[in-house]
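*Asks:* So here's query_38.cif, just mmCIF, C-alpha atoms:
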```cif
data_entry
loop_
_atom_site.label_atom_id
_atom_site.label_comp_id
_atom_site.auth_asym_id
_atom_site.auth_seq_id
_atom_site.Cartn_x
_atom_site.Cartn_y
_atom_site.Cartn_z
CA MET A 1 116.65 -98.11 43.54
CA LEU A 2 118.90 -100.83 44.97
CA PHE A 3 120.16 -103.88 43.08
CA GLY A 4 118.38 -106.02 45.67
CA GLU A 5 115.03 -104.56 44.59
CA ILE A 6 115.50 -105.99 41.10
CA LYS A 7 114.59 -109.67 40.94
CA ALA A 8 116.73 -112.08 38.88
CA LEU A 9 119.43 -110.88 36.41
CA GLN A 10 122.21 -111.68 38.90
CA ASP A 11 124.93 -111.84 36.23
CA SER A 12 124.18 -108.29 35.08
CA LYS A 13 124.19 -107.00 38.65
CA THR A 14 127.52 -108.69 39.44
CA LYS A 15 129.23 -107.21 36.36
CA LEU A 16 128.01 -103.69 37.11
CA ILE A 17 129.01 -103.84 40.78
CA LYS A 18 132.43 -105.28 39.95
CA ALA A 19 133.06 -102.51 37.40
CA ILE A 20 132.58 -99.85 40.08
CA GLN A 21 134.58 -101.76 42.71
CA THR A 22 137.53 -102.10 40.31
CA ARG A 23 137.12 -98.48 39.13
CA HIS A 24 136.42 -99.52 35.54
CA ILE A 25 133.71 -96.89 35.20
CA ALA A 26 133.03 -95.93 31.59
CA HIS A 27 132.19 -92.25 31.28
CA ALA A 28 129.32 -92.95 28.86
CA GLN A 29 127.23 -96.12 29.02
CA LEU A 30 124.16 -97.37 27.21
CA PHE A 31 121.78 -99.60 29.16
CA TRP A 32 119.51 -101.21 26.61
CA GLY A 33 116.73 -103.75 26.82
CA ILE A 34 113.20 -104.26 25.53
CA GLU A 35 110.31 -102.21 26.90
CA GLY A 36 109.35 -103.60 30.28
CA SER A 37 112.85 -104.94 30.94
CA ALA A 38 115.01 -103.89 33.90
CA ALA A 39 117.12 -101.50 31.79
CA LEU A 40 115.99 -98.36 33.64
CA PRO A 41 115.88 -99.93 37.15
CA MET A 42 119.35 -101.42 36.57
CA ALA A 43 120.75 -98.04 35.48
CA MET A 44 119.15 -96.43 38.53
CA ALA A 45 120.63 -99.07 40.84
CA TYR A 46 124.03 -98.51 39.21
CA ALA A 47 123.77 -94.75 39.78
CA THR A 48 122.73 -95.30 43.40
CA TYR A 49 125.71 -97.61 43.98
CA LEU A 50 128.07 -95.10 42.33
CA LEU A 51 126.87 -92.33 44.65
CA CYS A 52 126.68 -94.47 47.80
CA GLU A 53 129.03 -93.34 50.60
CA ASN A 54 129.24 -96.78 52.24
CA LYS A 55 129.25 -99.33 49.42
CA GLN A 56 128.60 -102.92 50.43
CA PRO A 57 130.10 -105.91 48.56
CA ASN A 58 126.83 -106.67 46.73
CA ASP A 59 124.75 -103.48 46.89
CA SER A 60 124.42 -99.90 48.10
CA CYS A 61 124.08 -99.50 51.85
CA GLY A 62 120.65 -97.88 51.52
CA LYS A 63 121.22 -95.86 54.69
CA CYS A 64 123.81 -93.16 54.00
CA PRO A 65 122.66 -89.61 53.10
CA ALA A 66 123.51 -90.20 49.43
CA CYS A 67 121.41 -93.40 49.29
CA LEU A 68 118.46 -91.77 51.01
CA LYS A 69 118.52 -88.91 48.51
CA SER A 70 118.98 -91.31 45.60
CA GLN A 71 115.98 -93.35 46.73
CA LYS A 72 113.88 -90.17 46.59
CA LEU A 73 115.55 -89.15 43.29
CA ILE A 74 116.65 -85.82 44.76
CA HIS A 75 120.44 -86.25 44.87
CA PRO A 76 121.89 -82.93 43.62
CA ASP A 77 124.56 -84.67 41.51
CA TRP A 78 122.12 -86.97 39.70
CA HIS A 79 120.41 -85.29 36.75
CA PHE A 80 117.63 -86.63 34.51
CA ILE A 81 116.67 -85.98 30.91
CA PHE A 82 113.58 -87.68 29.45
CA PRO A 83 110.98 -87.20 26.67
CA THR A 84 108.40 -84.47 27.22
CA ALA A 85 105.48 -82.95 25.35
CA THR A 86 103.29 -79.90 25.62
CA THR A 87 100.49 -80.16 28.17
CA LYS A 88 97.96 -77.88 29.83
CA LYS A 89 100.66 -77.12 32.37
CA ILE A 90 103.47 -76.39 29.90
CA SER A 91 102.29 -75.16 26.52
CA SER A 92 105.60 -74.02 25.01
CA LYS A 93 109.07 -75.60 24.79
CA PRO A 94 108.73 -78.12 27.64
CA THR A 95 111.89 -79.56 29.20
CA SER A 96 112.58 -82.27 31.73
CA GLN A 97 113.03 -79.70 34.49
CA ASP A 98 109.38 -78.67 34.09
CA PHE A 99 108.23 -82.19 34.98
CA MET A 100 110.63 -83.30 37.74
CA VAL A 101 107.92 -83.62 40.39
CA GLU A 102 105.83 -85.84 38.09
CA TRP A 103 108.93 -87.78 37.01
CA ARG A 104 109.90 -88.68 40.58
CA ALA A 105 106.37 -89.84 41.37
CA PHE A 106 106.24 -91.83 38.12
CA LEU A 107 109.50 -93.72 38.74
CA GLN A 108 108.73 -94.47 42.35
CA LYS A 109 105.41 -96.01 41.30
CA ASN A 110 106.73 -98.20 38.47
CA PRO A 111 110.27 -97.85 37.01
CA TYR A 112 109.37 -100.51 34.41
CA ALA A 113 106.68 -98.35 32.80
CA SER A 114 106.66 -97.35 29.13
CA LEU A 115 106.72 -94.06 27.26
CA SER A 116 102.95 -94.20 26.70
CA HIS A 117 102.40 -94.56 30.44
CA TRP A 118 104.72 -91.61 31.10
CA LEU A 119 102.86 -89.41 28.61
CA ALA A 120 99.55 -90.45 30.16
CA HIS A 121 100.98 -89.59 33.60
CA ILE A 122 101.63 -85.99 32.50
CA GLU A 123 98.31 -85.86 30.60
CA ALA A 124 99.95 -85.76 27.18
CA GLU A 125 98.84 -89.18 25.88
CA ASP A 126 97.69 -87.71 22.56
CA LYS A 127 101.12 -86.15 21.95
CA GLN A 128 104.41 -87.53 20.69
CA GLY A 129 107.16 -87.30 23.30
CA ASN A 130 110.63 -86.14 22.29
CA ILE A 131 113.87 -84.73 23.68
CA SER A 132 114.34 -81.26 22.24
CA VAL A 133 117.45 -79.22 21.51
CA GLU A 134 116.71 -77.13 24.64
CA GLU A 135 117.54 -80.25 26.66
CA SER A 136 121.04 -80.43 25.18
CA ARG A 137 121.65 -76.89 26.39
CA ASN A 138 120.46 -77.95 29.85
CA ILE A 139 122.86 -80.88 29.79
CA LEU A 140 125.81 -78.63 28.97
CA SER A 141 124.76 -76.14 31.63
CA LYS A 142 124.33 -78.70 34.43
CA LEU A 143 127.56 -80.51 33.69
CA SER A 144 129.57 -77.28 33.62
CA LEU A 145 129.05 -77.03 37.41
CA LYS A 146 131.13 -78.82 40.02
CA ALA A 147 129.65 -81.78 41.88
CA PHE A 148 127.86 -80.71 45.07
CA GLU A 149 128.25 -83.76 47.32
CA SER A 150 129.56 -86.77 45.40
CA PRO A 151 132.84 -87.35 43.57
CA TYR A 152 130.65 -88.03 40.49
CA LYS A 153 128.10 -86.14 38.43
CA ILE A 154 125.57 -88.43 36.77
CA MET A 155 123.53 -87.50 33.71
CA MET A 156 120.82 -90.08 33.00
CA ILE A 157 118.97 -89.85 29.69
CA TRP A 158 115.88 -92.04 29.33
CA LEU A 159 114.97 -93.03 25.74
CA PRO A 160 117.76 -91.13 23.92
CA GLU A 161 116.39 -92.56 20.66
CA LEU A 162 113.72 -89.85 20.93
CA MET A 163 116.28 -87.03 20.76
CA ASN A 164 115.78 -84.86 17.72
CA LEU A 165 118.76 -84.58 15.39
CA ASN A 166 119.93 -81.19 16.62
CA ALA A 167 119.79 -82.30 20.27
CA ALA A 168 121.75 -85.47 19.53
CA ASN A 169 124.44 -83.64 17.57
CA ALA A 170 124.74 -81.01 20.30
CA ILE A 171 125.89 -83.52 22.93
CA LEU A 172 128.37 -85.46 20.77
CA LYS A 173 131.40 -83.56 22.00
CA ILE A 174 130.58 -83.77 25.70
CA LEU A 175 129.77 -87.48 25.33
CA GLU A 176 133.24 -88.05 23.93
CA GLU A 177 135.08 -85.64 26.24
CA PRO A 178 132.95 -85.09 29.35
CA THR A 179 134.00 -82.91 32.26
CA PRO A 180 136.01 -84.80 34.94
CA GLN A 181 134.14 -87.35 37.06
CA THR A 182 131.03 -87.13 34.83
CA VAL A 183 129.12 -90.32 34.00
CA PHE A 184 126.48 -90.50 31.26
CA LEU A 185 123.91 -93.26 31.64
CA LEU A 186 121.65 -93.59 28.59
CA VAL A 187 118.69 -96.00 28.81
CA SER A 188 117.22 -97.19 25.53
CA HIS A 189 114.49 -99.61 24.43
CA ASP A 190 115.59 -99.51 20.78
CA LYS A 191 119.24 -98.68 20.24
CA ARG A 192 118.84 -99.14 16.47
CA LYS A 193 117.19 -95.71 16.39
CA LEU A 194 120.21 -94.01 17.93
CA LEU A 195 122.67 -92.18 15.72
CA THR A 196 125.77 -94.25 14.98
CA THR A 197 127.85 -91.28 16.14
CA ILE A 198 126.12 -91.55 19.54
CA ILE A 199 126.48 -95.34 19.80
CA SER A 200 130.19 -95.17 18.94
CA ARG A 201 130.78 -93.05 22.04
CA LEU A 202 128.99 -95.41 24.44
CA GLN A 203 129.85 -98.63 26.24
CA ALA A 204 126.84 -100.88 25.70
CA VAL A 205 125.34 -102.77 28.64
CA ARG A 206 122.66 -105.18 27.44
CA ILE A 207 120.00 -105.96 30.03
CA PRO A 208 118.31 -109.31 29.18
CA GLN A 209 114.55 -109.57 29.24
CA PHE A 210 112.96 -111.61 31.99
CA SER A 211 112.32 -115.26 31.27
CA ASP A 212 108.77 -116.58 31.72
CA LYS A 213 109.87 -118.27 34.95
CA GLU A 214 111.53 -115.12 36.34
CA LEU A 215 108.54 -112.98 35.42
CA ALA A 216 106.11 -115.40 37.06
CA GLU A 217 108.24 -115.48 40.22
CA ILE A 218 108.27 -111.67 40.37
CA LEU A 219 104.47 -111.56 40.06
CA VAL A 220 104.08 -114.16 42.81
CA GLU A 221 106.65 -112.76 45.24
CA LYS A 222 106.24 -109.01 44.76
CA TYR A 223 102.61 -108.69 43.70
CA GLN A 224 101.09 -111.73 45.48
CA ILE A 225 99.54 -113.19 42.32
CA GLU A 226 98.38 -116.81 42.27
CA VAL A 227 100.98 -119.12 40.72
CA GLU A 228 98.80 -120.36 37.85
CA LYS A 229 97.63 -116.87 36.93
CA ALA A 230 101.19 -115.52 37.18
CA GLN A 231 102.45 -118.21 34.79
CA SER A 232 99.69 -117.43 32.30
CA VAL A 233 100.33 -113.68 32.42
CA ALA A 234 104.10 -114.17 32.17
CA PHE A 235 103.61 -116.25 29.02
CA LEU A 236 101.50 -113.48 27.47
CA ALA A 237 103.84 -110.67 28.51
CA ASP A 238 106.88 -112.32 26.89
CA GLY A 239 109.51 -110.86 29.23
CA ASN A 240 107.85 -107.44 29.58
CA LEU A 241 107.11 -106.75 33.26
CA ASN A 242 105.24 -103.57 32.45
CA GLU A 243 102.93 -105.46 30.08
CA ALA A 244 102.43 -108.16 32.72
CA LEU A 245 101.31 -105.56 35.27
CA HIS A 246 99.02 -104.00 32.69
CA LEU A 247 97.45 -107.38 31.92
CA LEU A 248 96.84 -107.97 35.63
CA GLU A 249 95.10 -104.61 35.95
CA GLU A 250 92.94 -104.85 32.85
CA VAL A 251 92.17 -108.47 32.15
CA SER A 252 90.20 -110.93 34.23
CA ILE A 253 88.89 -113.23 31.49
CA ASN A 254 89.94 -116.87 31.11
CA HIS A 255 91.87 -116.69 27.85
CA PHE A 256 92.30 -120.43 27.44
CA ASP A 257 88.65 -121.46 27.80
CA LEU A 258 87.48 -118.60 25.62
CA PHE A 259 90.02 -119.33 22.88
CA ARG A 260 89.40 -123.10 22.97
CA ASN A 261 85.63 -122.67 22.64
CA TRP A 262 86.08 -120.16 19.82
CA MET A 263 88.35 -122.55 17.93
CA ARG A 264 85.87 -125.41 18.34
CA SER A 265 83.12 -123.30 16.81
CA CYS A 266 85.41 -122.29 13.95
CA PHE A 267 86.38 -125.90 13.32
CA LYS A 268 82.73 -127.06 13.28
CA LYS A 269 81.67 -124.04 11.23
CA ASP A 270 79.03 -123.47 13.90
CA TYR A 271 77.89 -120.04 12.72
CA LYS A 272 75.26 -119.69 15.43
CA ASN A 273 77.92 -120.10 18.13
CA LEU A 274 80.30 -117.83 16.24
CA LEU A 275 77.70 -115.07 16.41
CA GLN A 276 77.44 -115.64 20.15
CA HIS A 277 81.24 -115.50 20.49
CA THR A 278 81.23 -112.25 18.54
CA GLU A 279 78.76 -110.73 20.99
CA GLN A 280 80.86 -111.98 23.88
CA PHE A 281 84.09 -110.55 22.46
CA SER A 282 82.57 -107.17 21.61
CA ALA A 283 81.31 -106.81 25.19
CA LEU A 284 84.89 -106.91 26.52
CA SER A 285 86.93 -103.78 27.10
CA LYS A 286 89.35 -102.83 24.33
CA ASP A 287 92.34 -103.88 26.45
CA ALA A 288 90.71 -107.25 27.11
CA GLN A 289 90.00 -107.73 23.39
CA LYS A 290 93.59 -106.94 22.47
CA SER A 291 95.04 -109.16 25.17
CA PHE A 292 92.79 -112.03 24.03
CA LEU A 293 94.04 -111.71 20.44
CA LEU A 294 97.58 -111.52 21.78
CA TYR A 295 96.95 -114.78 23.60
CA GLY A 296 95.71 -116.31 20.35
CA LEU A 297 98.88 -115.17 18.59
CA HIS A 298 101.01 -116.79 21.29
CA ILE A 299 99.08 -120.06 20.94
CA SER A 300 99.60 -119.86 17.17
CA ARG A 301 103.33 -119.38 17.68
CA GLU A 302 103.53 -122.41 19.96
CA THR A 303 101.50 -124.43 17.44
CA ILE A 304 103.91 -123.53 14.65
CA LEU A 305 106.84 -124.63 16.84
CA TRP A 306 105.10 -127.93 17.51
CA VAL A 307 104.30 -128.47 13.82
CA GLU A 308 107.97 -127.77 12.97
CA GLY A 309 109.15 -130.36 15.48
CA ALA A 310 110.61 -127.80 17.89
CA SER A 311 108.67 -129.10 20.89
CA PRO A 312 111.48 -128.24 23.41
CA LEU A 313 110.86 -124.56 22.60
CA VAL A 314 107.14 -124.72 23.39
CA ARG A 315 106.48 -122.72 26.59
CA LEU A 316 103.20 -124.33 27.64
CA ARG A 317 102.04 -126.91 30.14
CA GLY A 318 98.91 -128.71 31.26
CA GLN A 319 95.69 -128.08 29.34
CA GLU A 320 97.29 -125.52 27.06
CA LEU A 321 100.00 -127.95 25.94
CA GLU A 322 97.45 -130.71 25.28
CA PHE A 323 95.37 -128.25 23.28
CA VAL A 324 98.35 -127.25 21.11
CA LYS A 325 99.20 -130.93 20.46
CA ASN A 326 95.65 -131.58 19.23
CA PHE A 327 95.39 -128.23 17.49
CA SER A 328 98.58 -128.82 15.50
CA SER A 329 97.15 -131.97 13.88
CA PHE A 330 94.79 -129.78 11.83
CA PHE A 331 97.49 -127.37 10.67
CA PRO A 332 100.18 -127.80 8.07
CA LEU A 333 102.75 -125.02 8.41
CA HIS A 334 101.34 -122.70 5.72
CA THR A 335 97.87 -122.91 7.33
CA ALA A 336 99.24 -122.06 10.78
CA GLN A 337 101.00 -119.03 9.31
CA THR A 338 97.80 -117.86 7.62
CA PHE A 339 95.99 -118.34 10.92
CA SER A 340 98.50 -116.07 12.68
CA GLU A 341 98.20 -113.46 9.95
CA LYS A 342 94.41 -113.26 10.43
CA LEU A 343 94.78 -112.74 14.18
CA ASN A 344 97.46 -110.13 13.54
CA GLU A 345 95.16 -108.27 11.16
CA ALA A 346 92.38 -108.30 13.76
CA TYR A 347 94.75 -106.87 16.38
CA TYR A 348 95.89 -104.20 13.91
CA HIS A 349 92.32 -103.09 13.19
CA LEU A 350 91.34 -103.03 16.88
CA GLU A 351 94.31 -100.79 17.65
CA ARG A 352 92.98 -98.39 15.05
CA ASN A 353 89.51 -98.27 16.60
CA ALA A 354 87.69 -100.51 14.15
CA ASN A 355 84.28 -101.80 15.23
CA ALA A 356 85.03 -104.80 17.46
CA LYS A 357 81.90 -106.74 16.47
CA ILE A 358 82.74 -106.49 12.77
CA VAL A 359 86.41 -107.34 13.37
CA PHE A 360 85.68 -110.48 15.39
CA LEU A 361 82.91 -111.73 13.10
CA ASP A 362 85.06 -111.24 10.01
CA THR A 363 88.03 -112.92 11.72
CA SER A 364 85.85 -115.86 12.79
CA LEU A 365 84.63 -116.42 9.24
CA GLN A 366 88.16 -116.28 7.87
CA LEU A 367 89.45 -118.71 10.48
CA THR A 368 86.80 -121.31 9.57
CA ARG A 369 88.54 -121.54 6.17
CA CYS A 370 91.86 -122.40 7.82
CA PHE A 371 90.59 -125.77 9.07
#
```
Show this structure as structure tokens.
*Replies:*
Amino acid sequence: MLFGEIKALQDSKTKLIKAIQTRHIAHAQLFWGIEGSAALPMAMAYATYLLCENKQPNDSCGKCPACLKSQKLIHPDWHFIFPTATTKKISSKPTSQDFMVEWRAFLQKNPYASLSHWLAHIEAEDKQGNISVEESRNILSKLSLKAFESPYKIMMIWLPELMNLNAANAILKILEEPTPQTVFLLVSHDKRKLLTTIISRLQAVRIPQFSDKELAEILVEKYQIEVEKAQSVAFLADGNLNEALHLLEEVSINHFDLFRNWMRSCFKKDYKNLLQHTEQFSALSKDAQKSFLLYGLHISRETILWVEGASPLVRLRGQELEFVKNFSSFFPLHTAQTFSEKLNEAYYHLERNANAKIVFLDTSLQLTRCF
């Protein structure tokens, strides 16, 4: 992964590159950002630049032996630890080493992917991933060896918040006093779940989430998505590139028209049409149903902002903005909040496999009372 492959976030890139160029390399760093942010890609680009044999002013050269190995994730001085679970392949005490082939393929396909996608990739989606105490022994073992090719040894830990207590405590000493020329790169989506004793030993590097504009530009430039569709998906994904890609794969419905028509029927208390909407919603895939409710929640949020007089914060344009302006005239603040709660409840029940037809019909009836 090169810095140039990561769109936007130029300030973060510049700071990381400058730190290496001026030899201000912290021995233990925490890259943290929301799920779907560039936290992992940025840490990977940093590791690639650190190992590069012919560093350029703004990026790795991408051509030296170290860069070529880093791009394939096979550099002998770059080690990975990540959550695992038992599978048909590994039924007892799985470790990261057991899944390195799958891990390399997974990262090369989409380094923005989430834990649930990783577990699905190794066919362990019904399991709970974690980093076991065996991994801490592997860390100590690998770092006790001298570097093979590079001046540095890099230990990258993805989602350290999933370390069990024994594993976390076992690496405290080496985090504080690592072997010479060792660099720990921890990548977290929720640093609040890390032990304070771990956090106190790390230099935090916050990776901002993508803005709606940046996310839309990425979808247009890298994935050749139409501008209007990219803007709509970026709004729904709320800075999460992984979620944006998932929405593109799973959802082809027109959220705006569907939501607007549903709201009109609720407002008119047109129960015949509401039954038809219910049939229409229940015919969608589960992902499409959830993304539609998510869209409704986003519209509710923008409506609340408009009602509160915070129009500069509203992230809509065109038909959607006009709809929110008209929609807000029917909603005092407490009503808009109730409206959001009902959509949230519907999303909650769908996630737990409730009958979609019942969920949408019940939600429709409750929403008619909000007008």
*Asks:* May I have the protein, DNA and RNA residues with any atom at most 9 Å from the point (101.0, -129.2, 12.3), counting all atoms listed in the file, written as a PyMOL selection string?
*Replies:* chain A and resi 303-309+325+327-333+335-336
*Asks:* Using all atoms listed in the file for the distances, tell me which of A:Thr48, A:Asn254, A:Thr338, A:Ser37 is nearest to Cys64 of chain A.
*Replies:*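 Of A:Thr48, A:Asn254, A:Thr338, A:Ser37, the one nearest Cys64 of chain A, counting all atoms listed in the file, is A:Thr48.
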*Asks:* Smallest atom-to-atom distance to Glu279 of chain A: which of A:Leu361, A:Leu313, A:Leu343, A:Ala216, using all atoms listed in the file?
*Replies:*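 Residue with the minimum atom-to-atom distance to Glu279 of chain A: A:Leu361.
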*Asks:* Can you sort out the box for segment 48-55 of chain A, edges along x, y and z, all listed atoms in, 5 Å on every side, with centre and edge lengths in Å to one decimal, as lines of an AutoDock Vina configuration file?
*Replies:*
```
center_x = 126.0
center_y = -95.8
center_z = 47.3
size_x = 16.5
size_y = 17.0
size_z = 19.9
```
*Asks:* Please write as a list in words the full residue list that the PyMOL selection byres ((chain A and resi 110) around 12) yields on this file.
*Replies:* Met1, Gly36, Ser37, Ala38, Leu40, Pro41, Trp103, Arg104, Ala105, Phe106, Leu107, Gln108, Lys109, Pro111, Tyr112, Ala113, Ser114, Leu115, His117, Trp118, His121, Leu241, Asn242, Glu243, Leu245 and His246 of chain A
*Asks:* Quick one: everything within 12 Å of Lys7 of chain A, counting all atoms listed in the file, minus sequence neighbours fewer than 3 positions away in the same chain. Send it as a ChimeraX atom specification.
*Replies:* /A:2-4,10-13,37-38,41-42,209-211,213-222,241
*Asks:* Could you list, as a list in words, every residue within 10 Å of segment 181-183 of chain A, counting all atoms listed in the file and ignoring same-chain residues fewer than 2 positions away?
*Replies:* Ile25, Ala26, His27, Ala28, Gln29, Ala47, Leu50, Asp77, Trp78, Leu143, Lys146, Ala147, Ser150, Pro151, Tyr152, Lys153, Ile154, Met155, Met156, Ile174, Leu175, Glu177, Pro178, Thr179, Leu185 and Leu186 of chain A
*Asks:* Name the residues that the PyMOL selection byres ((chain A and resi 265) around 12) pulls out of this structure, and write them as a list in words.
*Replies:*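 On this input, the PyMOL selection byres ((chain A and resi 265) around 12) captures Leu258, Phe259, Arg260, Asn261, Trp262, Met263, Arg264, Cys266, Phe267, Lys268, Lys269, Asp270, Tyr271, Lys272, Asn273, Leu274, Leu275, Gln276, His277, Thr278, Ser364, Leu365, Leu367, Thr368 and Phe371 of chain A.
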*Asks:* A:Ile299, A:Leu162, A:Ala237, A:Ala19: which is nearest Asp212 of chain A, counting only C-alpha atoms?
*Replies:* A:Ala237
*Asks:* Have a look at atom CA of Phe184 of chain A and atom CA of Ile171 of chain A and let me know their distance in Å, one decimal.
*Replies:*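 Separation of atom CA of Phe184 of chain A and atom CA of Ile171 of chain A: 10.9 Å.
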*Asks:* Any chance you could work out the residue set of the PyMOL selection byres ((chain A and resi 192) around 12) here, as a ChimeraX atom specification?
*Replies:* /A:32-34,159-162,188-191,193-199
*Asks:* Extract, using all atoms listed in the file, all DNA, RNA and protein residues at most 12 Å from segment 126-137 of chain A, discarding same-chain residues fewer than 5 positions from it, and format them as a short mmCIF file (atom, residue, chain, number, x, y, z; two decimals) with C-alpha atoms, in the frame of the given file.
*Replies:*
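Below is the file that was written, selection.cif:
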```
data_model
loop_
_atom_site.label_atom_id
_atom_site.label_comp_id
_atom_site.auth_asym_id
_atom_site.auth_seq_id
_atom_site.Cartn_x
_atom_site.Cartn_y
_atom_site.Cartn_z
CA HIS A 79 120.41 -85.29 36.75
CA PHE A 80 117.63 -86.63 34.51
CA ILE A 81 116.67 -85.98 30.91
CA PHE A 82 113.58 -87.68 29.45
CA PRO A 83 110.98 -87.20 26.67
CA THR A 84 108.40 -84.47 27.22
CA ALA A 85 105.48 -82.95 25.35
CA THR A 86 103.29 -79.90 25.62
CA THR A 87 100.49 -80.16 28.17
CA LYS A 88 97.96 -77.88 29.83
CA SER A 91 102.29 -75.16 26.52
CA SER A 92 105.60 -74.02 25.01
CA LYS A 93 109.07 -75.60 24.79
CA PRO A 94 108.73 -78.12 27.64
CA THR A 95 111.89 -79.56 29.20
CA SER A 96 112.58 -82.27 31.73
CA GLN A 97 113.03 -79.70 34.49
CA ASP A 98 109.38 -78.67 34.09
CA SER A 114 106.66 -97.35 29.13
CA LEU A 115 106.72 -94.06 27.26
CA SER A 116 102.95 -94.20 26.70
CA HIS A 117 102.40 -94.56 30.44
CA TRP A 118 104.72 -91.61 31.10
CA LEU A 119 102.86 -89.41 28.61
CA ALA A 120 99.55 -90.45 30.16
CA HIS A 121 100.98 -89.59 33.60
CA LYS A 142 124.33 -78.70 34.43
CA LEU A 143 127.56 -80.51 33.69
CA SER A 144 129.57 -77.28 33.62
CA MET A 155 123.53 -87.50 33.71
CA ILE A 157 118.97 -89.85 29.69
CA TRP A 158 115.88 -92.04 29.33
CA LEU A 159 114.97 -93.03 25.74
CA PRO A 160 117.76 -91.13 23.92
CA GLU A 161 116.39 -92.56 20.66
CA LEU A 162 113.72 -89.85 20.93
CA MET A 163 116.28 -87.03 20.76
CA ASN A 164 115.78 -84.86 17.72
CA LEU A 165 118.76 -84.58 15.39
CA ASN A 166 119.93 -81.19 16.62
CA ALA A 167 119.79 -82.30 20.27
CA ALA A 168 121.75 -85.47 19.53
CA ASN A 169 124.44 -83.64 17.57
CA ALA A 170 124.74 -81.01 20.30
CA ILE A 171 125.89 -83.52 22.93
CA LEU A 172 128.37 -85.46 20.77
CA LYS A 173 131.40 -83.56 22.00
CA ILE A 174 130.58 -83.77 25.70
CA LEU A 175 129.77 -87.48 25.33
#
```
*Asks:* Give me, please, the distance in Å between atom CA of His24 of chain A and atom CA of Ala66 of chain A, quoted to one decimal.
*Replies:* 21.1 Å
*Asks:* Just the number, please: distance in Å from atom CA of Gly296 of chain A to atom CA of Asn355 of chain A, one decimal.
*Replies:* 19.2 Å
*Asks:* Counting only C-alpha atoms, what is within 8 Å of Lys290 of chain A, bar same-chain residues fewer than 2 positions away, as a list of chain:residue names?
*Replies:*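 Neighbouring residues, sequence-local ones excluded: A:Lys286, A:Asp287, A:Ala288, A:Phe292, A:Leu293, A:Leu294, A:Tyr347, A:Leu350, A:Glu351.
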*Asks:* Could you check which of A:Ala283, A:Leu297, A:Phe99, A:Glu149 is closest to Asp238 of chain A, using only C-alpha atoms?
*Replies:*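 Nearest to Asp238 of chain A: A:Leu297.
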*Asks:* Smallest atom-to-atom distance to Tyr295 of chain A: which of A:Lys18, A:His255, A:Lys89, A:Arg317, using only C-alpha atoms?
*Replies:*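 Closest to Tyr295 of chain A, using only C-alpha atoms: A:His255.
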*Asks:* Hey, which of A:Gln337, A:Asp257, A:Ala43, A:Leu30 ends up closest to Phe323 of chain A? Count only C-alpha atoms.
*Replies:*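 Once distances to Phe323 of chain A are computed over only C-alpha atoms, the minimum belongs to A:Asp257.
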